[in-house]
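Okay, upload37.pdb now, which holds PDB, C-alpha atoms, pLDDT in the B column:
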ATOM      1  CA  MET O 201      13.185   5.475 -19.253  1.00 46.00           C
ATOM      2  CA  SER O 202      13.359   4.367 -15.605  1.00 54.00           C
ATOM      3  CA  LEU O 203      13.167   7.994 -14.479  1.00 55.00           C
ATOM      4  CA  GLY O 204       9.550   8.126 -15.584  1.00 47.00           C
ATOM      5  CA  PHE O 205      10.020   9.469 -19.109  1.00 55.00           C
ATOM      6  CA  GLY O 206       8.898   6.223 -20.721  1.00 59.00           C
ATOM      7  CA  ARG O 207       7.861   3.644 -18.203  1.00 71.00           C
ATOM      8  CA  ALA O 208       5.671   5.235 -15.532  1.00 81.00           C
ATOM      9  CA  LEU O 209       4.850   2.094 -13.527  1.00 83.00           C
ATOM     10  CA  THR O 210       6.691  -1.084 -12.676  1.00 84.00           C
ATOM     11  CA  CYS O 211       4.889  -4.268 -11.660  1.00 86.00           C
ATOM     12  CA  ALA O 212       6.686  -6.345  -9.047  1.00 89.00           C
ATOM     13  CA  ILE O 213       5.780  -9.745  -7.630  1.00 92.00           C
ATOM     14  CA  ARG O 214       7.183 -11.512  -4.578  1.00 94.00           C
ATOM     15  CA  ASP O 215       6.226 -14.591  -2.631  1.00 96.00           C
ATOM     16  CA  THR O 216       4.384 -14.151   0.644  1.00 97.00           C
ATOM     17  CA  GLY O 217       7.233 -15.619   2.675  1.00 97.00           C
ATOM     18  CA  PRO O 218       8.995 -13.837   5.528  1.00 95.00           C
ATOM     19  CA  VAL O 219      10.176 -10.291   4.884  1.00 94.00           C
ATOM     20  CA  ASP O 220      13.918  -9.650   4.751  1.00 88.00           C
ATOM     21  CA  GLY O 221      15.409  -6.307   5.558  1.00 78.00           C
ATOM     22  CA  PRO O 222      16.116  -4.097   8.500  1.00 76.00           C
ATOM     23  CA  PRO O 223      14.468  -4.976  11.793  1.00 77.00           C
ATOM     24  CA  PRO O 224      10.821  -3.950  11.810  1.00 78.00           C
ATOM     25  CA  ALA O 225       9.901  -0.911  13.840  1.00 79.00           C
ATOM     26  CA  ALA O 226       8.272  -1.256  17.231  1.00 87.00           C
ATOM     27  CA  VAL O 227       4.877   0.025  16.136  1.00 95.00           C
ATOM     28  CA  ASP O 228       1.310  -0.977  16.876  1.00 96.00           C
ATOM     29  CA  ILE O 229      -0.218  -2.403  13.677  1.00 97.00           C
ATOM     30  CA  ARG O 230      -3.995  -2.524  13.519  1.00 97.00           C
ATOM     31  CA  LEU O 231      -6.426  -3.810  10.910  1.00 97.00           C
ATOM     32  CA  ALA O 232      -8.521  -0.787   9.939  1.00 97.00           C
ATOM     33  CA  ALA O 233     -12.308  -0.901   9.898  1.00 96.00           C
ATOM     34  CA  GLY O 234     -14.988   1.378   8.497  1.00 96.00           C
ATOM     35  CA  GLU O 235     -14.677   3.869  11.341  1.00 97.00           C
ATOM     36  CA  ASP O 236     -11.002   4.374  10.403  1.00 97.00           C
ATOM     37  CA  ILE O 237     -11.783   5.874   6.982  1.00 98.00           C
ATOM     38  CA  ASP O 238     -10.424   9.312   7.940  1.00 98.00           C
ATOM     39  CA  VAL O 239      -7.084   7.764   8.998  1.00 98.00           C
ATOM     40  CA  VAL O 240      -6.954   5.780   5.745  1.00 98.00           C
ATOM     41  CA  MET O 241      -7.657   8.895   3.690  1.00 97.00           C
ATOM     42  CA  ALA O 242      -5.057  10.959   5.580  1.00 97.00           C
ATOM     43  CA  LEU O 243      -2.432   8.311   4.774  1.00 98.00           C
ATOM     44  CA  GLU O 244      -3.591   8.204   1.161  1.00 95.00           C
ATOM     45  CA  ALA O 245      -3.099  11.984   1.046  1.00 95.00           C
ATOM     46  CA  ALA O 246       0.442  11.533   2.401  1.00 94.00           C
ATOM     47  CA  ASN O 247       1.092   9.043  -0.405  1.00 93.00           C
ATOM     48  CA  GLU O 248      -0.242  11.518  -2.968  1.00 93.00           C
ATOM     49  CA  ARG O 249       2.020  14.271  -1.606  1.00 92.00           C
ATOM     50  CA  HIS O 250       5.009  11.936  -1.875  1.00 90.00           C
ATOM     51  CA  HIS O 251       4.228  11.166  -5.525  1.00 87.00           C
ATOM     52  CA  TYR O 252       3.647  14.858  -6.262  1.00 90.00           C
ATOM     53  CA  GLY O 253       7.226  15.790  -5.428  1.00 89.00           C
ATOM     54  CA  ALA O 254      10.563  15.103  -7.086  1.00 88.00           C
ATOM     55  CA  PRO O 255      11.479  12.896  -8.839  1.00 87.00           C
ATOM     56  CA  ILE O 256       7.993  11.489  -9.574  1.00 84.00           C
ATOM     57  CA  PHE O 257       5.988  14.675 -10.276  1.00 85.00           C
ATOM     58  CA  TRP O 258       2.552  13.070 -10.495  1.00 84.00           C
ATOM     59  CA  PRO O 259      -0.288  15.607 -10.417  1.00 86.00           C
ATOM     60  CA  LEU O 260      -2.399  16.125  -7.321  1.00 86.00           C
ATOM     61  CA  LEU O 261      -5.942  15.847  -8.636  1.00 86.00           C
ATOM     62  CA  HIS O 262      -8.297  16.806  -5.823  1.00 87.00           C
ATOM     63  CA  VAL O 263     -11.258  16.048  -8.090  1.00 91.00           C
ATOM     64  CA  THR O 264     -10.511  12.326  -7.587  1.00 90.00           C
ATOM     65  CA  ALA O 265     -10.784  12.489  -3.761  1.00 92.00           C
ATOM     66  CA  PRO O 266     -14.494  11.497  -3.552  1.00 95.00           C
ATOM     67  CA  ALA O 267     -13.934   8.452  -5.796  1.00 95.00           C
ATOM     68  CA  ALA O 268     -10.847   7.421  -3.789  1.00 94.00           C
ATOM     69  CA  ARG O 269     -12.794   7.694  -0.556  1.00 96.00           C
ATOM     70  CA  ALA O 270     -15.657   5.617  -1.985  1.00 97.00           C
ATOM     71  CA  TYR O 271     -13.160   2.982  -3.148  1.00 95.00           C
ATOM     72  CA  HIS O 272     -11.631   2.688   0.328  1.00 96.00           C
ATOM     73  CA  VAL O 273     -15.057   2.632   1.992  1.00 97.00           C
ATOM     74  CA  ASP O 274     -15.953  -0.332  -0.243  1.00 96.00           C
ATOM     75  CA  LEU O 275     -12.688  -2.125   0.578  1.00 95.00           C
ATOM     76  CA  LEU O 276     -13.193  -1.609   4.315  1.00 97.00           C
ATOM     77  CA  GLN O 277     -16.641  -3.221   4.084  1.00 95.00           C
ATOM     78  CA  GLU O 278     -15.115  -6.541   2.962  1.00 93.00           C
ATOM     79  CA  PRO O 279     -12.368  -7.338   5.516  1.00 85.00           C
ATOM     80  CA  ASP O 280     -12.146 -10.994   4.474  1.00 85.00           C
ATOM     81  CA  ALA O 281     -11.039 -10.059   0.938  1.00 90.00           C
ATOM     82  CA  ASN O 282      -9.227  -6.775   1.667  1.00 94.00           C
ATOM     83  CA  ALA O 283      -7.080  -5.378   4.447  1.00 97.00           C
ATOM     84  CA  HIS O 284      -5.859  -1.955   5.488  1.00 97.00           C
ATOM     85  CA  PHE O 285      -3.054  -2.361   8.025  1.00 98.00           C
ATOM     86  CA  VAL O 286      -2.205   0.902   9.781  1.00 98.00           C
ATOM     87  CA  ALA O 287       0.967   1.306  11.825  1.00 97.00           C
ATOM     88  CA  TYR O 288       0.743   3.628  14.820  1.00 97.00           C
ATOM     89  CA  ARG O 289       3.655   5.070  16.760  1.00 95.00           C
ATOM     90  CA  GLU O 290       2.686   6.679  20.044  1.00 94.00           C
ATOM     91  CA  GLY O 291      -0.931   6.830  18.864  1.00 95.00           C
ATOM     92  CA  ARG O 292      -0.116   8.639  15.595  1.00 97.00           C
ATOM     93  CA  PRO O 293      -0.603   6.931  12.192  1.00 98.00           C
ATOM     94  CA  ALA O 294       2.870   6.281  10.748  1.00 97.00           C
ATOM     95  CA  GLY O 295       2.067   4.191   7.664  1.00 98.00           C
ATOM     96  CA  MET O 296      -0.353   1.878   5.909  1.00 98.00           C
ATOM     97  CA  ASN O 297      -0.480  -1.120   3.596  1.00 98.00           C
ATOM     98  CA  THR O 298      -3.714  -1.809   1.718  1.00 98.00           C
ATOM     99  CA  PHE O 299      -4.297  -5.246   0.185  1.00 97.00           C
ATOM    100  CA  ASN O 300      -7.062  -6.307  -2.190  1.00 95.00           C
ATOM    101  CA  PRO O 301      -7.627  -8.907  -4.928  1.00 91.00           C
ATOM    102  CA  PRO O 302      -5.405  -8.454  -8.012  1.00 89.00           C
ATOM    103  CA  ASP O 303      -8.111  -6.925 -10.193  1.00 85.00           C
ATOM    104  CA  TRP O 304      -5.563  -4.673 -11.929  1.00 78.00           C
ATOM    105  CA  LEU O 305      -3.150  -7.396 -13.018  1.00 83.00           C
ATOM    106  CA  SER O 306      -2.999  -9.174 -16.319  1.00 81.00           C
ATOM    107  CA  PRO O 307      -4.119 -12.814 -16.153  1.00 79.00           C
ATOM    108  CA  LEU O 308      -0.737 -13.565 -17.738  1.00 77.00           C
ATOM    109  CA  VAL O 309       1.061 -12.863 -14.443  1.00 76.00           C
ATOM    110  CA  LEU O 310      -1.354 -14.620 -12.125  1.00 78.00           C
ATOM    111  CA  GLY O 311      -1.488 -18.413 -12.258  1.00 82.00           C
ATOM    112  CA  VAL O 312      -1.189 -18.879  -8.482  1.00 89.00           C
ATOM    113  CA  PRO O 313      -3.187 -17.267  -5.671  1.00 93.00           C
ATOM    114  CA  THR O 314      -1.999 -13.640  -5.634  1.00 94.00           C
ATOM    115  CA  ILE O 315      -2.908 -10.682  -3.440  1.00 96.00           C
ATOM    116  CA  TYR O 316      -2.360  -7.095  -4.583  1.00 95.00           C
ATOM    117  CA  LEU O 317      -0.608  -4.459  -2.475  1.00 96.00           C
ATOM    118  CA  TYR O 318      -2.700  -1.494  -3.550  1.00 95.00           C
ATOM    119  CA  GLN O 319      -1.008   1.050  -1.326  1.00 95.00           C
ATOM    120  CA  GLY O 320       2.156   1.105   0.688  1.00 95.00           C
ATOM    121  CA  VAL O 321       2.752   4.415   2.402  1.00 96.00           C
ATOM    122  CA  VAL O 322       4.977   5.556   5.243  1.00 96.00           C
ATOM    123  CA  GLU O 323       4.825   9.112   6.566  1.00 96.00           C
ATOM    124  CA  ALA O 324       7.855  11.147   5.489  1.00 93.00           C
ATOM    125  CA  ASP O 325       9.259  11.491   9.007  1.00 95.00           C
ATOM    126  CA  GLU O 326       8.977   7.711   9.546  1.00 94.00           C
ATOM    127  CA  ARG O 327      10.769   6.547   6.391  1.00 91.00           C
ATOM    128  CA  GLY O 328      13.862   4.487   7.102  1.00 90.00           C
ATOM    129  CA  THR O 329      12.721   3.537  10.614  1.00 92.00           C
ATOM    130  CA  GLY O 330      11.382   0.048   9.787  1.00 92.00           C
ATOM    131  CA  VAL O 331       7.693   1.006   9.656  1.00 94.00           C
ATOM    132  CA  GLY O 332       7.406  -0.234   6.058  1.00 93.00           C
ATOM    133  CA  THR O 333       9.138  -3.506   6.942  1.00 93.00           C
ATOM    134  CA  ALA O 334       6.794  -4.041   9.898  1.00 95.00           C
ATOM    135  CA  LEU O 335       3.731  -3.364   7.743  1.00 96.00           C
ATOM    136  CA  LEU O 336       4.875  -5.654   4.944  1.00 96.00           C
ATOM    137  CA  ALA O 337       5.731  -8.447   7.405  1.00 95.00           C
ATOM    138  CA  ARG O 338       2.246  -8.196   8.927  1.00 96.00           C
ATOM    139  CA  GLY O 339       0.625  -8.138   5.504  1.00 97.00           C
ATOM    140  CA  MET O 340       2.557 -11.174   4.266  1.00 97.00           C
ATOM    141  CA  THR O 341       1.503 -13.149   7.357  1.00 97.00           C
ATOM    142  CA  TRP O 342      -2.113 -12.151   6.687  1.00 97.00           C
ATOM    143  CA  ALA O 343      -1.765 -13.175   3.018  1.00 97.00           C
ATOM    144  CA  ARG O 344      -0.165 -16.557   3.822  1.00 97.00           C
ATOM    145  CA  ASP O 345      -2.890 -17.284   6.372  1.00 96.00           C
ATOM    146  CA  ARG O 346      -5.453 -16.776   3.578  1.00 95.00           C
ATOM    147  CA  GLY O 347      -3.676 -19.081   1.123  1.00 96.00           C
ATOM    148  CA  TYR O 348      -1.996 -16.461  -1.069  1.00 96.00           C
ATOM    149  CA  ALA O 349       1.337 -17.584  -2.525  1.00 96.00           C
ATOM    150  CA  ARG O 350       2.366 -14.254  -4.074  1.00 95.00           C
ATOM    151  CA  CYS O 351       1.959 -10.536  -3.602  1.00 96.00           C
ATOM    152  CA  ALA O 352       2.003  -8.112  -6.537  1.00 94.00           C
ATOM    153  CA  LEU O 353       2.154  -4.337  -6.691  1.00 92.00           C
ATOM    154  CA  HIS O 354       2.787  -1.449  -9.028  1.00 89.00           C
ATOM    155  CA  PHE O 355       5.118   1.365  -8.090  1.00 89.00           C
ATOM    156  CA  ALA O 356       6.157   4.564  -9.801  1.00 87.00           C
ATOM    157  CA  SER O 357       9.315   3.764 -11.752  1.00 83.00           C
ATOM    158  CA  ALA O 358      10.822   7.103 -10.712  1.00 84.00           C
ATOM    159  CA  ASN O 359      10.164   6.393  -7.011  1.00 85.00           C
ATOM    160  CA  PRO O 360      13.459   5.335  -5.408  1.00 82.00           C
ATOM    161  CA  SER O 361      11.711   4.478  -2.135  1.00 80.00           C
ATOM    162  CA  GLY O 362       9.212   2.264  -3.976  1.00 76.00           C
ATOM    163  CA  VAL O 363      11.834  -0.090  -5.396  1.00 74.00           C
ATOM    164  CA  PRO O 364      12.777  -1.888  -2.166  1.00 72.00           C
TER     165      PRO O 364
END
Now, as a test, write the supplied structure out as structure tokens.
Amino acid sequence: MSLGFGRALTCAIRDTGPVDGPPPAAVDIRLAAGEDIDVVMALEAANERHHYGAPIFWPLLHVTAPAARAYHVDLLQEPDANAHFVAYREGRPAGMNTFNPPDWLSPLVLGVPTIYLYQGVVEADERGTGVGTALLARGMTWARDRGYARCALHFASANPSGVP
């Protein structure tokens, strides 16, 4: 079941306290704005490619690209409610965390102010270097500063890199 043959998604919730784990990478983390939409979409495409491969095997549906772009354009227009943090190493995008209100969560799991981690992606050649830790640490600081007590996300159950 946990390999994706029964349960496709897992919902996880954590507090917005400090992030444990390996030392964060020395990367430049920037809050994306509307003019960064092409960077955001390139990182979304990297996330899609990751989910397309083993052991997840989600389809790559190019027909959804215009709707995904429109969704991110809308999120980027409301920086007080949403955030796209992009990590850059030597000027090259290395990863991204996207936060927005928990519209996709059941009211049964809310109860306290909760932010939703919509996307967490690290480029394949950057995985294991601390980029994800640095992005999550920055995002949790942003969330705490806005009064959020918890952060929720969904990840593919068959995604071993999504669990941590």
Each residue of segment 268-349 of chain O with at least one atom at most 8 Å from segment 222-233 of chain O should appear once, together with its nearest atom pair and the corresponding distance in Å (one decimal); atoms considered: only C-alpha atoms; ordering: chain, then increasing residue number; output as JSON lines.
{"residue": "O:Leu276", "atom": "CA", "partner": "O:Ala233", "partner_atom": "CA", "distance": 5.7}
{"residue": "O:Gln277", "atom": "CA", "partner": "O:Ala233", "partner_atom": "CA", "distance": 7.6}
{"residue": "O:Pro279", "atom": "CA", "partner": "O:Ala233", "partner_atom": "CA", "distance": 7.8}
{"residue": "O:Ala283", "atom": "CA", "partner": "O:Leu231", "partner_atom": "CA", "distance": 6.7}
{"residue": "O:His284", "atom": "CA", "partner": "O:Ala232", "partner_atom": "CA", "distance": 5.3}
{"residue": "O:Phe285", "atom": "CA", "partner": "O:Leu231", "partner_atom": "CA", "distance": 4.7}
{"residue": "O:Val286", "atom": "CA", "partner": "O:Arg230", "partner_atom": "CA", "distance": 5.4}
{"residue": "O:Ala287", "atom": "CA", "partner": "O:Ile229", "partner_atom": "CA", "distance": 4.3}
{"residue": "O:Tyr288", "atom": "CA", "partner": "O:Asp228", "partner_atom": "CA", "distance": 5.1}
{"residue": "O:Arg289", "atom": "CA", "partner": "O:Val227", "partner_atom": "CA", "distance": 5.2}
{"residue": "O:Thr329", "atom": "CA", "partner": "O:Ala225", "partner_atom": "CA", "distance": 6.2}
{"residue": "O:Gly330", "atom": "CA", "partner": "O:Ala225", "partner_atom": "CA", "distance": 4.4}
{"residue": "O:Val331", "atom": "CA", "partner": "O:Ala225", "partner_atom": "CA", "distance": 5.1}
{"residue": "O:Gly332", "atom": "CA", "partner": "O:Pro224", "partner_atom": "CA", "distance": 7.7}
{"residue": "O:Thr333", "atom": "CA", "partner": "O:Pro224", "partner_atom": "CA", "distance": 5.2}
{"residue": "O:Ala334", "atom": "CA", "partner": "O:Pro224", "partner_atom": "CA", "distance": 4.5}
{"residue": "O:Leu335", "atom": "CA", "partner": "O:Ile229", "partner_atom": "CA", "distance": 7.2}
{"residue": "O:Arg338", "atom": "CA", "partner": "O:Ile229", "partner_atom": "CA", "distance": 7.9}
Around all of segment 337-353 of chain O's listed atoms, make the axis-aligned box with 6 Å on each side and tell me centre and edge lengths in Å to one decimal, as lines of an AutoDock Vina configuration file.
center_x = 0.1
center_y = -11.7
center_z = 1.1
size_x = 23.2
size_y = 26.7
size_z = 27.6
* Test item: residues at most 12 Å from segment 242-258 of chain O, all atoms listed in the file, excluding those fewer than 4 positions along its chain, as a ChimeraX atom specification -> /O:202-205,207-209,236-238,262,264-265,268-269,271-272,284-288,292-298,318-327,355-362
* **Neighbour list for Asp345 of chain O as a PyMOL selection string, cut-off 12 Å, all atoms listed in the file, skip fewer than 4 positions in-chain** => chain O and resi 216-217+280+315+338-341+349
I'd like the residues picked by the PyMOL selection byres ((chain O and resi 350) around 8) written out as a PDB file with C-alpha atoms, in the frame of the given file, using the chain letters and numbers from the file.
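Result file out_29.pdb:
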ATOM      1  CA  ILE O 213       5.780  -9.745  -7.630  1.00 92.00           C
ATOM      2  CA  ARG O 214       7.183 -11.512  -4.578  1.00 94.00           C
ATOM      3  CA  ASP O 215       6.226 -14.591  -2.631  1.00 96.00           C
ATOM      4  CA  THR O 216       4.384 -14.151   0.644  1.00 97.00           C
ATOM      5  CA  VAL O 312      -1.189 -18.879  -8.482  1.00 89.00           C
ATOM      6  CA  PRO O 313      -3.187 -17.267  -5.671  1.00 93.00           C
ATOM      7  CA  THR O 314      -1.999 -13.640  -5.634  1.00 94.00           C
ATOM      8  CA  ILE O 315      -2.908 -10.682  -3.440  1.00 96.00           C
ATOM      9  CA  TYR O 348      -1.996 -16.461  -1.069  1.00 96.00           C
ATOM     10  CA  ALA O 349       1.337 -17.584  -2.525  1.00 96.00           C
ATOM     11  CA  CYS O 351       1.959 -10.536  -3.602  1.00 96.00           C
ATOM     12  CA  ALA O 352       2.003  -8.112  -6.537  1.00 94.00           C
TER      13      ALA O 352
END
* Using all atoms listed in the file, determine which residues lie at most 9 Å from Ala281 of chain O, disregarding the query and same-chain residues fewer than 5 positions distant; provide the list as a list in words. => Leu275, Phe299, Asn300 and Pro301 of chain O
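Take the candidates O:Val263, O:Val273, O:Ala337, O:Leu308 and check each one against Asp220 of chain O using all atoms listed in the file; the shortest distance goes to O:Ala337.
Computed from the coordinates, the atom CA of Asp303 of chain O to atom CA of Arg344 of chain O distance equals 18.8 Å.
With distances restricted to only C-alpha atoms, O:Pro364 is the closest residue to Gly328 of chain O from O:Gly291, O:Pro364, O:Pro302, O:Gly311.
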* Have a look at atom CA of Leu353 of chain O and atom CA of Leu317 of chain O and let me know their distance in Å, one decimal. => 5.0 Å
* Length of the atom CA of Trp304 of chain O to atom CA of Glu278 of chain O vector [Å] ->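 Separating atom CA of Trp304 of chain O from atom CA of Glu278 of chain O is a distance of 17.8 Å.
Proximity of O:Leu260, O:Val363, O:Val239, O:Leu336 to Pro218 of chain O, computed with all atoms listed in the file, is greatest for O:Leu336.
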* To do: For each of O:Gly221, O:Cys211, O:Met241, O:Asn282, take the minimum atom-to-atom distance to Ala270 of chain O, counting all atoms listed in the file, then give the residue where this is smallest.
  => O:Met241
